[in-house]
Structures are given as C-alpha cells and as structure tokens.
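J.: Contents are compact mmCIF, C-alpha atoms; file name work-v6.txt:
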```txt
# COMPACT_ATOMS: atom_id res chain seq x y z
CA MET A 1 6.25 22.84 -20.04
CA ALA A 2 5.33 20.05 -17.64
CA LYS A 3 1.81 18.69 -17.86
CA ILE A 4 -0.57 17.78 -15.04
CA VAL A 5 -2.28 14.64 -16.27
CA GLY A 6 -4.91 14.63 -13.53
CA SER A 7 -5.68 14.51 -9.82
CA ILE A 8 -6.52 11.43 -7.79
CA THR A 9 -8.09 11.88 -4.36
CA MET A 10 -8.48 8.97 -1.99
CA SER A 11 -8.70 7.89 1.63
CA HIS A 12 -5.85 6.44 3.68
CA VAL A 13 -6.31 4.20 6.71
CA PRO A 14 -3.67 1.91 8.29
CA ALA A 15 -6.12 -1.03 8.11
CA ILE A 16 -5.73 -0.96 4.29
CA GLY A 17 -2.10 -1.99 4.84
CA ARG A 18 -3.19 -4.97 6.91
CA ALA A 19 -5.78 -5.95 4.30
CA ILE A 20 -3.11 -5.89 1.58
CA GLU A 21 -0.68 -7.86 3.76
CA LYS A 22 -3.29 -10.55 4.45
CA ASN A 23 -4.58 -10.54 0.87
CA LEU A 24 -8.13 -9.67 1.91
CA GLN A 25 -8.96 -7.49 -1.11
CA GLN A 26 -11.76 -9.73 -2.34
CA THR A 27 -13.36 -10.52 1.03
CA PRO A 28 -16.90 -9.11 1.47
CA TYR A 29 -15.68 -6.42 3.89
CA TRP A 30 -12.92 -5.06 1.64
CA LYS A 31 -14.15 -5.78 -1.89
CA PRO A 32 -16.31 -2.64 -2.28
CA PHE A 33 -13.26 -0.56 -1.39
CA PHE A 34 -10.54 -2.32 -3.42
CA ASP A 35 -12.76 -2.71 -6.47
CA GLY A 36 -12.69 1.05 -6.85
CA PHE A 37 -9.08 1.04 -7.98
CA PRO A 38 -8.66 -1.00 -11.20
CA PRO A 39 -10.19 1.75 -13.41
CA VAL A 40 -7.70 4.25 -11.96
CA ARG A 41 -4.81 1.86 -12.58
CA GLU A 42 -5.94 1.47 -16.20
CA TRP A 43 -6.09 5.24 -16.57
CA LEU A 44 -2.56 5.53 -15.16
CA LYS A 45 -1.28 3.15 -17.84
CA THR A 46 -2.51 5.58 -20.47
CA ALA A 47 -1.76 8.83 -18.64
CA LYS A 48 1.81 7.63 -17.96
CA PRO A 49 2.85 10.11 -15.27
CA ASP A 50 6.59 10.43 -14.59
CA ILE A 51 6.14 12.05 -11.18
CA ALA A 52 3.51 11.97 -8.44
CA VAL A 53 3.08 14.97 -6.15
CA ILE A 54 1.45 13.54 -3.05
CA ILE A 55 -0.53 15.82 -0.74
CA TYR A 56 -1.05 14.13 2.62
CA ASN A 57 -0.80 14.51 6.37
CA ASP A 58 1.77 12.82 8.58
CA HIS A 59 0.47 10.95 11.66
CA GLY A 60 3.52 11.16 13.90
CA LEU A 61 6.13 9.33 11.87
CA ASN A 62 8.25 12.10 10.37
CA PHE A 63 6.91 15.02 12.40
CA PHE A 64 6.35 14.92 16.14
CA LEU A 65 4.68 17.81 17.96
CA ASP A 66 8.09 19.28 18.83
CA LYS A 67 8.33 20.78 15.32
CA LEU A 68 5.19 20.73 13.28
CA PRO A 69 5.11 22.65 10.00
CA THR A 70 1.82 23.77 8.50
CA PHE A 71 3.07 22.98 4.98
CA ALA A 72 6.22 20.94 4.29
CA VAL A 73 7.69 19.93 0.93
CA GLY A 74 10.07 17.00 0.55
CA ALA A 75 13.35 17.59 -1.24
CA ALA A 76 15.03 14.23 -0.72
CA PRO A 77 16.50 11.86 -3.30
CA GLN A 78 14.60 9.02 -1.67
CA TYR A 79 11.81 8.66 0.90
CA GLN A 80 11.71 5.78 3.35
CA ASN A 81 8.70 4.37 5.16
CA ALA A 82 9.18 3.02 8.72
CA ASP A 83 7.39 1.34 11.63
CA GLU A 84 4.46 3.50 12.72
CA GLY A 85 3.66 1.39 15.76
CA TRP A 86 0.46 -0.22 14.55
CA GLY A 87 1.89 -3.25 12.86
CA ILE A 88 1.55 -2.66 9.14
CA PRO A 89 4.40 -3.84 6.89
CA VAL A 90 7.05 -1.29 5.97
CA MET A 91 6.95 -0.48 2.28
CA PRO A 92 9.91 -0.29 -0.14
CA PRO A 93 11.41 3.22 -0.58
CA PHE A 94 10.24 5.80 -3.09
CA ASP A 95 12.51 7.80 -5.38
CA GLY A 96 12.23 11.55 -5.15
CA ASP A 97 12.52 14.12 -7.93
CA LEU A 98 14.84 16.82 -6.68
CA ASP A 99 14.32 19.07 -9.69
CA LEU A 100 10.57 19.27 -9.18
CA SER A 101 10.96 19.51 -5.39
CA TRP A 102 13.15 22.57 -5.67
CA HIS A 103 11.13 24.08 -8.48
CA LEU A 104 8.02 23.77 -6.28
CA ILE A 105 9.81 25.18 -3.24
CA GLU A 106 11.14 28.18 -5.17
CA SER A 107 7.87 28.84 -6.91
CA LEU A 108 5.67 28.46 -3.82
CA ILE A 109 7.88 30.63 -1.63
CA ALA A 110 7.99 33.26 -4.38
CA ASN A 111 4.19 33.17 -4.14
CA ASP A 112 4.20 33.85 -0.39
CA PHE A 113 3.82 30.30 0.94
CA ASP A 114 6.21 29.99 3.87
CA LEU A 115 7.19 26.36 3.57
CA THR A 116 9.34 23.96 5.53
CA THR A 117 11.73 22.07 3.25
CA CYS A 118 12.84 18.55 4.12
CA GLN A 119 15.98 17.01 2.66
CA GLU A 120 15.34 13.94 4.76
CA MET A 121 11.80 12.78 5.32
CA LEU A 122 10.04 9.60 6.35
CA VAL A 123 6.68 9.02 4.68
CA ASP A 124 3.83 7.30 6.53
CA HIS A 125 0.75 5.29 5.53
CA ALA A 126 -0.98 8.39 4.18
CA PHE A 127 1.67 8.43 1.44
CA THR A 128 2.56 4.75 1.11
CA LEU A 129 -0.89 3.12 1.02
CA PRO A 130 -2.24 5.29 -1.80
CA MET A 131 0.93 4.44 -3.76
CA ALA A 132 0.33 0.72 -3.11
CA LEU A 133 -3.32 1.02 -4.13
CA LEU A 134 -2.39 2.69 -7.41
CA TRP A 135 0.68 0.52 -8.15
CA PRO A 136 0.05 -2.75 -6.26
CA GLU A 137 3.25 -4.42 -7.42
CA GLN A 138 5.05 -2.21 -4.80
CA GLY A 139 8.72 -1.44 -5.07
CA ASN A 140 8.98 -1.02 -8.83
CA TRP A 141 7.30 2.33 -8.49
CA PRO A 142 6.94 3.72 -12.02
CA VAL A 143 6.89 7.33 -10.80
CA ARG A 144 9.25 9.56 -8.88
CA THR A 145 7.61 11.36 -5.98
CA VAL A 146 7.39 14.73 -4.26
CA PRO A 147 5.67 14.71 -0.84
CA VAL A 148 3.70 17.78 0.27
CA CYS A 149 2.74 17.36 3.92
CA VAL A 150 -0.09 19.39 5.47
CA ASN A 151 -0.73 19.75 9.20
CA THR A 152 -4.16 18.30 9.95
CA VAL A 153 -3.07 17.08 13.39
CA GLN A 154 -2.56 20.03 15.74
CA PHE A 155 -4.92 22.99 15.59
CA PRO A 156 -4.88 25.67 14.33
CA LEU A 157 -4.89 24.08 10.87
CA PRO A 158 -4.54 26.07 7.65
CA SER A 159 -7.89 27.36 6.42
CA VAL A 160 -9.71 25.73 3.53
CA LYS A 161 -9.17 28.90 1.54
CA ARG A 162 -5.44 28.80 2.18
CA CYS A 163 -5.29 25.16 1.11
CA TYR A 164 -7.23 26.01 -2.03
CA SER A 165 -4.69 28.74 -2.84
CA LEU A 166 -1.80 26.36 -2.17
CA GLY A 167 -3.24 23.90 -4.65
CA GLN A 168 -3.58 26.63 -7.26
CA ALA A 169 0.03 27.67 -6.65
CA ILE A 170 1.22 24.06 -6.97
CA GLY A 171 -0.67 23.75 -10.26
CA ASN A 172 0.80 26.98 -11.59
CA ALA A 173 4.30 25.96 -10.50
CA ILE A 174 4.13 22.61 -12.27
CA GLU A 175 2.69 24.11 -15.43
CA SER A 176 5.46 26.70 -15.54
CA TRP A 177 8.20 24.08 -15.07
CA ASP A 178 10.31 23.98 -18.18
CA THR A 179 10.39 20.22 -18.81
CA ASP A 180 8.22 17.74 -20.65
CA ALA A 181 7.46 15.79 -17.44
CA ARG A 182 4.00 14.38 -16.87
CA VAL A 183 2.78 14.88 -13.30
CA VAL A 184 -0.11 13.33 -11.40
CA ILE A 185 -1.40 14.97 -8.21
CA ILE A 186 -2.55 12.64 -5.44
CA GLY A 187 -4.46 14.01 -2.43
CA THR A 188 -5.04 11.57 0.43
CA GLY A 189 -7.18 11.45 3.57
CA GLY A 190 -10.78 11.67 4.73
CA LEU A 191 -13.54 11.43 4.07
CA SER A 192 -15.73 11.78 7.15
CA HIS A 193 -14.47 10.02 10.26
CA GLN A 194 -13.78 10.63 13.91
CA LEU A 195 -11.48 8.39 15.92
CA ASP A 196 -11.55 10.15 19.27
CA GLY A 197 -14.04 11.04 21.98
CA LYS A 198 -17.58 10.02 22.73
CA ARG A 199 -18.42 11.06 19.17
CA ALA A 200 -16.06 8.37 17.80
CA GLY A 201 -17.55 6.60 14.80
CA PHE A 202 -19.15 9.76 13.43
CA ILE A 203 -19.63 9.55 9.64
CA ASN A 204 -21.57 11.97 7.39
CA LYS A 205 -22.42 10.38 4.07
CA GLU A 206 -24.63 13.24 2.90
CA PHE A 207 -21.89 15.82 3.36
CA ASP A 208 -19.19 13.60 1.81
CA LEU A 209 -21.25 13.04 -1.32
CA MET A 210 -22.00 16.75 -1.58
CA PHE A 211 -18.29 17.53 -1.17
CA MET A 212 -17.32 15.07 -3.90
CA ASP A 213 -19.95 16.50 -6.23
CA LYS A 214 -18.92 20.10 -5.58
CA LEU A 215 -15.27 19.23 -6.05
CA ILE A 216 -16.13 18.71 -9.72
CA SER A 217 -18.61 21.48 -10.39
CA ASP A 218 -17.92 24.18 -7.79
CA PRO A 219 -14.61 23.60 -5.99
CA LEU A 220 -14.79 26.95 -4.16
CA TRP A 221 -17.97 25.78 -2.39
CA ILE A 222 -15.93 24.10 0.37
CA THR A 223 -14.05 27.34 1.16
CA ARG A 224 -17.22 28.73 2.81
CA TYR A 225 -16.57 26.41 5.76
CA SER A 226 -14.26 27.09 8.69
CA ILE A 227 -12.08 24.30 10.04
CA ASP A 228 -14.39 24.12 13.09
CA ASP A 229 -17.37 23.73 10.74
CA LEU A 230 -15.56 20.89 9.00
CA VAL A 231 -14.84 19.10 12.28
CA GLU A 232 -18.53 19.33 13.10
CA LEU A 233 -19.59 18.14 9.64
CA THR A 234 -16.93 15.51 8.92
CA GLY A 235 -15.34 14.56 12.26
CA THR A 236 -12.00 15.35 13.86
CA GLN A 237 -10.10 13.40 11.21
CA GLY A 238 -12.53 14.18 8.39
CA VAL A 239 -10.68 17.50 8.10
CA GLU A 240 -8.06 15.57 6.14
CA LEU A 241 -10.26 16.48 3.18
CA LEU A 242 -8.03 19.56 3.03
CA ASN A 243 -5.62 17.36 1.05
CA TRP A 244 -8.37 16.72 -1.50
CA VAL A 245 -9.01 20.45 -1.79
CA ILE A 246 -5.33 21.08 -2.62
CA ALA A 247 -5.23 18.23 -5.16
CA ARG A 248 -8.38 19.56 -6.84
CA SER A 249 -7.37 23.21 -7.00
CA ALA A 250 -4.05 22.25 -8.62
CA LEU A 251 -6.15 21.55 -11.73
CA ARG A 252 -6.95 24.73 -13.60
CA GLY A 253 -10.37 25.50 -15.01
CA GLU A 254 -13.12 22.98 -15.46
CA VAL A 255 -12.61 19.31 -14.79
CA ILE A 256 -14.30 16.08 -15.67
CA MET A 257 -14.60 13.16 -13.32
CA LYS A 258 -13.22 10.03 -14.96
CA HIS A 259 -13.99 7.70 -12.07
CA SER A 260 -15.22 7.71 -8.48
CA ASN A 261 -16.05 5.35 -5.65
CA TYR A 262 -17.48 5.81 -2.16
CA HIS A 263 -17.87 3.15 0.49
CA ILE A 264 -18.69 3.02 4.21
CA PRO A 265 -16.89 1.81 6.25
CA ILE A 266 -13.27 0.87 6.00
CA SER A 267 -12.11 0.75 9.60
CA ASN A 268 -13.91 3.79 11.10
CA THR A 269 -13.79 5.80 7.89
CA ALA A 270 -15.95 6.72 4.92
CA ALA A 271 -13.67 5.93 1.99
CA GLY A 272 -13.80 8.09 -1.12
CA LEU A 273 -11.95 7.94 -4.41
CA MET A 274 -12.03 10.36 -7.34
CA LEU A 275 -10.10 10.71 -10.55
CA LEU A 276 -10.30 14.17 -12.09
CA GLU A 277 -8.89 15.57 -15.32
CA SER A 278 -8.78 19.11 -16.65
CA ILE A 279 -10.99 19.57 -19.70
CA MET B 1 -6.19 41.32 11.51
CA ALA B 2 -8.73 38.55 11.86
CA PRO B 3 -9.87 38.13 15.46
CA VAL B 4 -9.01 34.86 17.16
CA LYS B 5 -12.35 33.17 17.62
CA LYS B 6 -13.51 31.61 20.83
CA LYS B 7 -13.65 27.84 21.01
CA HIS B 8 -16.30 26.06 19.03
CA GLU B 9 -17.97 23.41 21.20
CA ILE B 10 -18.80 20.11 19.51
CA ALA B 11 -20.41 17.47 21.73
CA GLY B 12 -18.24 14.44 22.43
CA THR B 13 -15.26 16.07 20.72
CA THR B 14 -11.98 17.45 22.04
CA ILE B 15 -10.14 19.56 19.50
CA PHE B 16 -6.39 18.95 19.67
CA ASP B 17 -5.43 22.62 19.95
CA GLY B 18 -2.71 24.52 21.76
CA ASP B 19 -4.26 23.88 25.17
CA GLN B 20 -4.35 20.12 24.56
CA ALA B 21 -0.91 20.13 22.95
CA ARG B 22 0.58 21.85 26.01
CA LYS B 23 -1.22 19.60 28.45
CA GLY B 24 -0.41 16.39 26.62
CA TYR B 25 3.16 16.95 25.49
CA ALA B 26 4.84 14.37 27.75
CA LEU B 27 2.15 11.77 27.07
CA ASN B 28 2.25 12.27 23.32
CA LYS B 29 6.05 12.20 23.38
CA MET B 30 5.98 8.84 25.10
CA CYS B 31 3.44 7.53 22.58
CA TYR B 32 5.57 8.86 19.71
CA SER B 33 8.42 6.69 21.03
CA PHE B 34 6.21 3.64 20.38
CA ASN B 35 7.05 3.93 16.68
CA SER B 36 10.08 1.87 17.71
CA ALA B 37 9.70 -1.84 18.51
CA ASP B 38 12.46 -1.55 21.12
CA SER B 39 10.52 1.18 22.92
CA ARG B 40 7.33 -0.87 22.86
CA ALA B 41 9.21 -3.78 24.40
CA GLU B 42 10.83 -1.53 27.01
CA PHE B 43 7.40 -0.18 28.01
CA LEU B 44 6.04 -3.70 28.41
CA ARG B 45 9.06 -4.78 30.47
CA ASP B 46 8.69 -1.97 33.02
CA GLU B 47 5.76 0.32 32.52
CA ASP B 48 6.42 2.40 35.64
CA ALA B 49 10.01 3.11 34.72
CA TYR B 50 9.04 3.97 31.16
CA CYS B 51 6.34 6.44 32.26
CA LYS B 52 8.80 8.02 34.71
CA LYS B 53 11.38 8.40 31.96
CA TYR B 54 8.84 10.45 29.97
CA GLN B 55 7.78 12.40 33.09
CA LEU B 56 4.09 11.70 32.82
CA ASN B 57 1.99 13.60 35.34
CA THR B 58 -0.35 11.80 37.75
CA GLN B 59 -3.38 12.15 35.48
CA GLN B 60 -1.47 10.82 32.47
CA ARG B 61 0.04 7.95 34.44
CA ALA B 62 -3.40 6.91 35.72
CA ALA B 63 -4.92 7.08 32.24
CA ILE B 64 -2.13 4.89 30.84
CA ARG B 65 -2.53 2.44 33.71
CA ASN B 66 -6.29 2.28 33.12
CA ARG B 67 -5.83 1.85 29.33
CA ASN B 68 -8.70 4.35 29.09
CA VAL B 69 -8.89 6.36 25.89
CA LEU B 70 -11.29 9.06 27.14
CA GLU B 71 -9.04 9.61 30.17
CA LEU B 72 -6.00 9.74 27.88
CA ILE B 73 -7.69 12.42 25.75
CA ALA B 74 -8.60 14.38 28.89
CA ALA B 75 -4.91 14.18 29.84
CA GLY B 76 -3.93 15.80 26.53
CA GLY B 77 -3.43 12.75 24.33
CA ASN B 78 -3.79 13.10 20.57
CA ALA B 79 -5.71 10.41 18.69
CA TYR B 80 -2.87 9.48 16.34
CA TYR B 81 -0.36 9.15 19.16
CA LEU B 82 -2.80 7.25 21.36
CA ALA B 83 -3.28 4.82 18.46
CA LYS B 84 0.42 3.95 18.73
CA PHE B 85 -0.14 3.15 22.43
CA ALA B 86 -3.17 1.01 21.54
CA GLY B 87 -1.02 -0.74 18.92
CA ILE B 88 1.10 -2.23 21.71
CA PHE B 89 -1.95 -4.23 22.80
CA LYS B 90 -2.97 -5.03 19.22
CA LEU B 91 -6.14 -2.99 19.63
CA ASP B 92 -7.65 -1.64 16.43
CA MET B 93 -9.77 1.45 15.81
CA GLN B 94 -13.01 -0.43 16.43
CA ASP B 95 -11.75 -1.54 19.84
CA ILE B 96 -10.90 2.08 20.62
CA GLY B 97 -14.22 3.34 19.26
CA ALA B 98 -16.17 0.77 21.24
CA GLN B 99 -14.38 1.66 24.47
CA GLN B 100 -15.00 5.39 24.06
CA THR B 101 -18.68 5.03 23.18
CA GLY B 102 -19.42 2.33 25.77
CA MET B 103 -20.55 -0.06 23.07
CA THR B 104 -19.53 -3.61 22.31
CA LYS B 105 -17.14 -3.89 19.38
CA GLU B 106 -19.82 -5.61 17.32
CA ALA B 107 -22.34 -2.85 18.07
CA PHE B 108 -19.78 -0.17 17.18
CA LYS B 109 -19.01 -1.90 13.87
CA ALA B 110 -22.72 -2.17 13.13
CA LYS B 111 -23.10 1.55 13.81
CA LEU B 112 -20.33 2.31 11.27
CA ALA B 113 -21.95 0.09 8.66
CA GLU B 114 -25.34 1.75 9.26
CA ALA B 115 -23.81 5.13 8.41
CA GLY B 116 -23.40 3.82 4.87
CA GLU B 117 -27.02 2.86 4.39
```
Can the structure from this file be put into structure tokens for me?

T.:
Amino acid sequence: MAKIVGSITMSHVPAIGRAIEKNLQQTPYWKPFFDGFPPVREWLKTAKPDIAVIIYNDHGLNFFLDKLPTFAVGAAPQYQNADEGWGIPVMPPFDGDLDLSWHLIESLIANDFDLTTCQEMLVDHAFTLPMALLWPEQGNWPVRTVPVCVNTVQFPLPSVKRCYSLGQAIGNAIESWDTDARVVIIGTGGLSHQLDGKRAGFINKEFDLMFMDKLISDPLWITRYSIDDLVELTGTQGVELLNWVIARSALRGEVIMKHSNYHIPISNTAAGLMLLESI
Amino acid sequence: MAPVKKKHEIAGTTIFDGDQARKGYALNKMCYSFNSADSRAEFLRDEDAYCKKYQLNTQQRAAIRNRNVLELIAAGGNAYYLAKFAGIFKLDMQDIGAQQTGMTKEAFKAKLAEAGE
C-alpha cells in the first residue's frame, strides 16, 4: 500500500514570491522566515516522496465566485500557474498524478464527501510558493502533485470538524491505495492574519502557538471552534488554518514534530511551518 | 437540522458571506478580470468605460474612483479580489493595511512587527 511519509504545514503569501524573485532570502526582514526551510528540505531528501497532495485555498485564479466549490480535487495531467494580478513571476508547471487523483476522488466520494473534480485547473501562489520553498530549484519538481482546494474565501466555509474528517478520509484513501508510492501531504495558509477592514493587521501569536502545539498533541482541540470563532481569534484570512487541520488529520494516530518555525511578520501574516510524522 | 446562526459581529471586520457576495458580484468580477495584463491595461486606458462594461453600481464606481479600500469592502468587495485591483497601482498589503487603519505605512509595519514580540 502507499505510504504517507509525513505532513508539512506552512504559510503562503504572494510577497514570498517577490522575495524569491529578488533574491532577498538572507535580508534581515526575510531571513527568519526562509531559514525555517533547509531542515525540511533535508528531511525530504531522506523521505523521498513520489507525490505531494497539496491542501490549499485558491485566491481567485482558478475559481471565481461564479462557481465556487467547497472542496475540489484536481485530476489533470499537469497544473499551470498564471498571472494573479499582483506581479509575482509565473512558476513552471507541475505534473499531476492521475491515478492518485482518481483514487482519491473515488474513495472520498464513497465516504460521503461531495467533491468537485477538475480535469483542468490553474494553481495559484498558495500551491506554487510552498512548492518553491520546499524545492527551490523550481521546474525540476521531484514529485507529482494532486491539488485539493478548500473554499476559505466565501462564507459559509466548511466547519473545522468537516475539514478534520476530510483529512482523515484523505489519509485512509492514500493508505488503502494499492501501490508502493510515497506521499507527502502539504497544507498551506495562515496563520493569523487579517487583510481587510479596520481590523487589518490583526495577528494573534498566543493562539497560533497554541494551535501549533495542539496540532501535535491534541488535534481535535481545534474542532471546538466555529468558523466565526476562528475569524475572531485568527483574522479573516487566518481561517486558512483549515488547510493545516486537513493535512494534520491525514496522519493517523500519534505524531512527532520533526521541525517547526514561527515568525511575525511576513507581509501582514504570522508565518508558521511544521513538519509532522506519524509515530 | 442545525439552525442557521445569526451573524457574529466582530469589530472592524466584514465577513464575506452571501450578502456581501451578492452585493459585490459586479465589482469582484471586474477585479477578477485584472488577473490579465491586457485587462489591467484596458482599465488604465479608460477607467469609466471599463467600469461600465462590468456594470458597477454607483457605490462601487465611487469606491473605485476613490481608490478607497474600506469603501470597496462596503460595496461588496472581497479582499483577495480587491488586492488584484491594488496590484494595478503596485500597492502592497502594507499600503492597503495602512489606508484602512488610517496609519502611515511605517506605523502599520511597526504594528505588525510588534505583534511578534
């Protein structure tokens, strides 16, 4: 059966793309953020995943508000990035893995998740920047990819509990896939930040650190919160932590944290990074 | 069946829900078009014509003219789509944050950094 080698959770912000383009990784502003990644890259060299399942939210590149699925799974042979309007370089395309895409789709729908399936799909910075942070050579991506896109844009959003269940179902699907593939789960977004309104600039370090801690020891803890609670505690865009919840609950049983980083701010965002492995 | 809850008020925050999505559809649709460089150029060439093409209402047209983020949110704009509009003028998230909070950009950046201390 396929093996889940671990879950990586991390923030995504368009400004990271500009920092990479301008080679600012070691400037005082960016260093505390970029220095979080080398240990994860080293781990990847040993873990050797064949496929990355990337849990993220689209920001108006592939999905406009005319048709906005709560959960969408990519089933394309290749995923292109494109101009998102804020001036970050377009990244080279990513190969898909159709076998895992359709295995996930069949398994998740059999488990009562009513998905949207996408045989053509653009992927935005929430997908591309984490890939570039993990494999900075860009373009010679050593993994095939399966995008899982979650609506964190237009309310109502899926509940934390529902996202937790989706992650469990993704984990079960991968571990029942009859191949010897090695799969890494990547959940992107958050942590606390708010871009809009008079409350713009809201960040909640205390809650973020508690969330990261509980993600290891008590992942169900976060399911006590409603989406409205999470907006209050983490900001209007902090709710992207739903993608972390899914990536975490895809790992069965107890986990150990192999690496983590937390830094405020990158752009308007509290940036978190965690690498988790099942025991 | 779980009851649909009444709205949860959070100071300084507009949840992008069904009411906002309905109100802001034309505005967000125009901003979505700014993914394309040609559309950004077309907007800059003739802003009035471009806003007419997307059938912005009076409130939305005024908010676009004023380049005012709080007004754009009040007119139904979604943060991610408004960021594409701001991108036309090379404004970043700290410019947008400063405008909404009435702070200078430097003060807004200092406030973000303080949240990490």

J.: May I ask you to extract the residues of chain A within 7 Å of chain B, using all atoms listed in the file, and to give them as a list in words?

T.: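 Here is what falls inside 7 Å: His59, Gly60, Asp83, Glu84, Gly85, Trp86, Gln154, Phe155, Pro156, Leu195, Asp196, Gly197, Lys198, Arg199, Ala200, Gly201, Ile203, Lys205, Asp228, Glu232, Ile264, Pro265, Ser267 and Asn268 of chain A.
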
J.: Around the point (0.8, 16.5, -18.4) in the file's coordinates, collect all residues with an atom within 8 Å, using all atoms listed in the file, and return them as a list in words.

T.: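 Residues satisfying the cut-off, written out: Ala2, Lys3, Ile4, Val5, Gly6, Pro49, Asp180, Ala181, Arg182, Val183 and Val184 of chain A.
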
J.: Which residue is closest to Asn23 (chain A)? Choose from A:Gly167, A:Pro136, A:Thr269, A:Leu251 and count only C-alpha atoms.

T.: A:Pro136

J.: Could you check the closest approach to Leu115 (chain A) for each of A:Gly74, A:Gly187, A:Gly139, A:Pro93 and tell me which residue wins, using only C-alpha atoms?

T.: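 Ranking A:Gly74, A:Gly187, A:Gly139, A:Pro93 by distance to Leu115 (chain A), first place goes to A:Gly74.
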
J.: List as number ranges by chain the protein and nucleic acid residues near Ala75 (chain B), meaning an atom at most 7 Å away when only C-alpha atoms are counted, but skip any in the same chain fewer than 3 places from it.

T.: B: 23-24, 59-60, 71-72

J.: Find, counting all atoms listed in the file, the residue in A:Phe34, A:Tyr225, A:Phe211, A:Tyr164 that gets nearest to Ala247 (chain A).

T.: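 The answer is A:Tyr164, which sits nearest to Ala247 (chain A).
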
J.: Suppose you want the space between CA of His103 (chain A) and CA of Gln168 (chain A); what is it in Å?

T.: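 One can read the CA of His103 (chain A) to CA of Gln168 (chain A) distance as 15.0 Å.
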
J.: Up to 10 Å from (8.8, 8.4, -10.4) in the file's coordinates: name the residues, counting all atoms listed in the file, as a list in words.

T.: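 The residues near that point, listed by chain and number, are Pro49, Asp50, Ile51, Ala52, Val53, Phe94, Asp95, Gly96, Asp97, Asn140, Trp141, Pro142, Val143, Arg144, Thr145, Val146 and Val183 of chain A.
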
J.: What does the distance between CA of Phe63 (chain A) and CA of Ile174 (chain A) come to in Å, to one decimal place?

T.: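 Between these atoms lies a distance of 26.0 Å.
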
J.: Set the distance at 8 Å and use only C-alpha atoms: which residues neighbour Ala76 (chain A) once local chain neighbours fewer than 2 positions away are removed? I'd like the list as a list of chain:residue names.

T.: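 Here the answer would be A:Gly74, A:Gln78, A:Tyr79, A:Gly96, A:Asp97, A:Leu98, A:Cys118, A:Gln119, A:Glu120, A:Met121.
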
J.: Between A:Leu230, A:Leu273, A:Ile170, A:Ile279, single out the one closest to Pro39 (chain A), counting only C-alpha atoms.

T.: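 Going through A:Leu230, A:Leu273, A:Ile170, A:Ile279 one by one, the smallest distance to Pro39 (chain A) is for A:Leu273.
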
J.: Output: region 58-107 of chain B of the preceding structure, restricted to C-alpha atoms, written as a PDB file, in the first residue's frame.

T.:
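What ended up in selection_14.pdb:
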```
ATOM      1  CA  THR B  58     -22.851  53.990  -8.226  1.00  0.00           C
ATOM      2  CA  GLN B  59     -21.395  52.991  -4.856  1.00  0.00           C
ATOM      3  CA  GLN B  60     -18.890  50.623  -6.465  1.00  0.00           C
ATOM      4  CA  ARG B  61     -17.906  53.151  -9.124  1.00  0.00           C
ATOM      5  CA  ALA B  62     -17.280  55.816  -6.478  1.00  0.00           C
ATOM      6  CA  ALA B  63     -15.223  53.437  -4.338  1.00  0.00           C
ATOM      7  CA  ILE B  64     -13.073  52.503  -7.343  1.00  0.00           C
ATOM      8  CA  ARG B  65     -12.654  56.168  -8.260  1.00  0.00           C
ATOM      9  CA  ASN B  66     -11.631  56.996  -4.682  1.00  0.00           C
ATOM     10  CA  ARG B  67      -9.201  54.026  -4.516  1.00  0.00           C
ATOM     11  CA  ASN B  68     -10.671  53.526  -1.035  1.00  0.00           C
ATOM     12  CA  VAL B  69     -10.459  50.016   0.361  1.00  0.00           C
ATOM     13  CA  LEU B  70     -12.999  50.447   3.183  1.00  0.00           C
ATOM     14  CA  GLU B  71     -15.496  51.858   0.667  1.00  0.00           C
ATOM     15  CA  LEU B  72     -14.752  48.968  -1.689  1.00  0.00           C
ATOM     16  CA  ILE B  73     -15.464  46.469   1.105  1.00  0.00           C
ATOM     17  CA  ALA B  74     -18.697  48.306   1.952  1.00  0.00           C
ATOM     18  CA  ALA B  75     -19.620  47.955  -1.735  1.00  0.00           C
ATOM     19  CA  GLY B  76     -19.198  44.174  -1.522  1.00  0.00           C
ATOM     20  CA  GLY B  77     -15.557  43.778  -2.494  1.00  0.00           C
ATOM     21  CA  ASN B  78     -13.655  40.701  -1.337  1.00  0.00           C
ATOM     22  CA  ALA B  79     -10.120  41.172  -0.002  1.00  0.00           C
ATOM     23  CA  TYR B  80      -8.455  38.825  -2.485  1.00  0.00           C
ATOM     24  CA  TYR B  81     -10.156  40.436  -5.474  1.00  0.00           C
ATOM     25  CA  LEU B  82      -9.502  43.944  -4.188  1.00  0.00           C
ATOM     26  CA  ALA B  83      -5.824  43.002  -3.922  1.00  0.00           C
ATOM     27  CA  LYS B  84      -5.822  42.441  -7.697  1.00  0.00           C
ATOM     28  CA  PHE B  85      -7.188  45.988  -8.123  1.00  0.00           C
ATOM     29  CA  ALA B  86      -4.497  47.334  -5.774  1.00  0.00           C
ATOM     30  CA  GLY B  87      -1.908  45.419  -7.809  1.00  0.00           C
ATOM     31  CA  ILE B  88      -2.601  47.704 -10.775  1.00  0.00           C
ATOM     32  CA  PHE B  89      -1.148  50.576  -8.742  1.00  0.00           C
ATOM     33  CA  LYS B  90       1.683  48.436  -7.351  1.00  0.00           C
ATOM     34  CA  LEU B  91       0.269  48.784  -3.849  1.00  0.00           C
ATOM     35  CA  ASP B  92       1.213  46.035  -1.414  1.00  0.00           C
ATOM     36  CA  MET B  93      -0.630  44.680   1.616  1.00  0.00           C
ATOM     37  CA  GLN B  94       1.016  47.180   3.954  1.00  0.00           C
ATOM     38  CA  ASP B  95      -0.202  50.061   1.790  1.00  0.00           C
ATOM     39  CA  ILE B  96      -3.699  48.590   1.944  1.00  0.00           C
ATOM     40  CA  GLY B  97      -3.466  47.952   5.685  1.00  0.00           C
ATOM     41  CA  ALA B  98      -2.213  51.466   6.353  1.00  0.00           C
ATOM     42  CA  GLN B  99      -5.032  53.022   4.337  1.00  0.00           C
ATOM     43  CA  GLN B 100      -7.732  51.028   6.125  1.00  0.00           C
ATOM     44  CA  THR B 101      -6.392  51.709   9.617  1.00  0.00           C
ATOM     45  CA  GLY B 102      -5.573  55.374   8.990  1.00  0.00           C
ATOM     46  CA  MET B 103      -1.931  54.783   9.840  1.00  0.00           C
ATOM     47  CA  THR B 104       1.224  55.620   7.948  1.00  0.00           C
ATOM     48  CA  LYS B 105       2.760  52.628   6.198  1.00  0.00           C
ATOM     49  CA  GLU B 106       5.721  52.717   8.572  1.00  0.00           C
ATOM     50  CA  ALA B 107       3.431  52.758  11.619  1.00  0.00           C
TER      51      ALA B 107
END
```
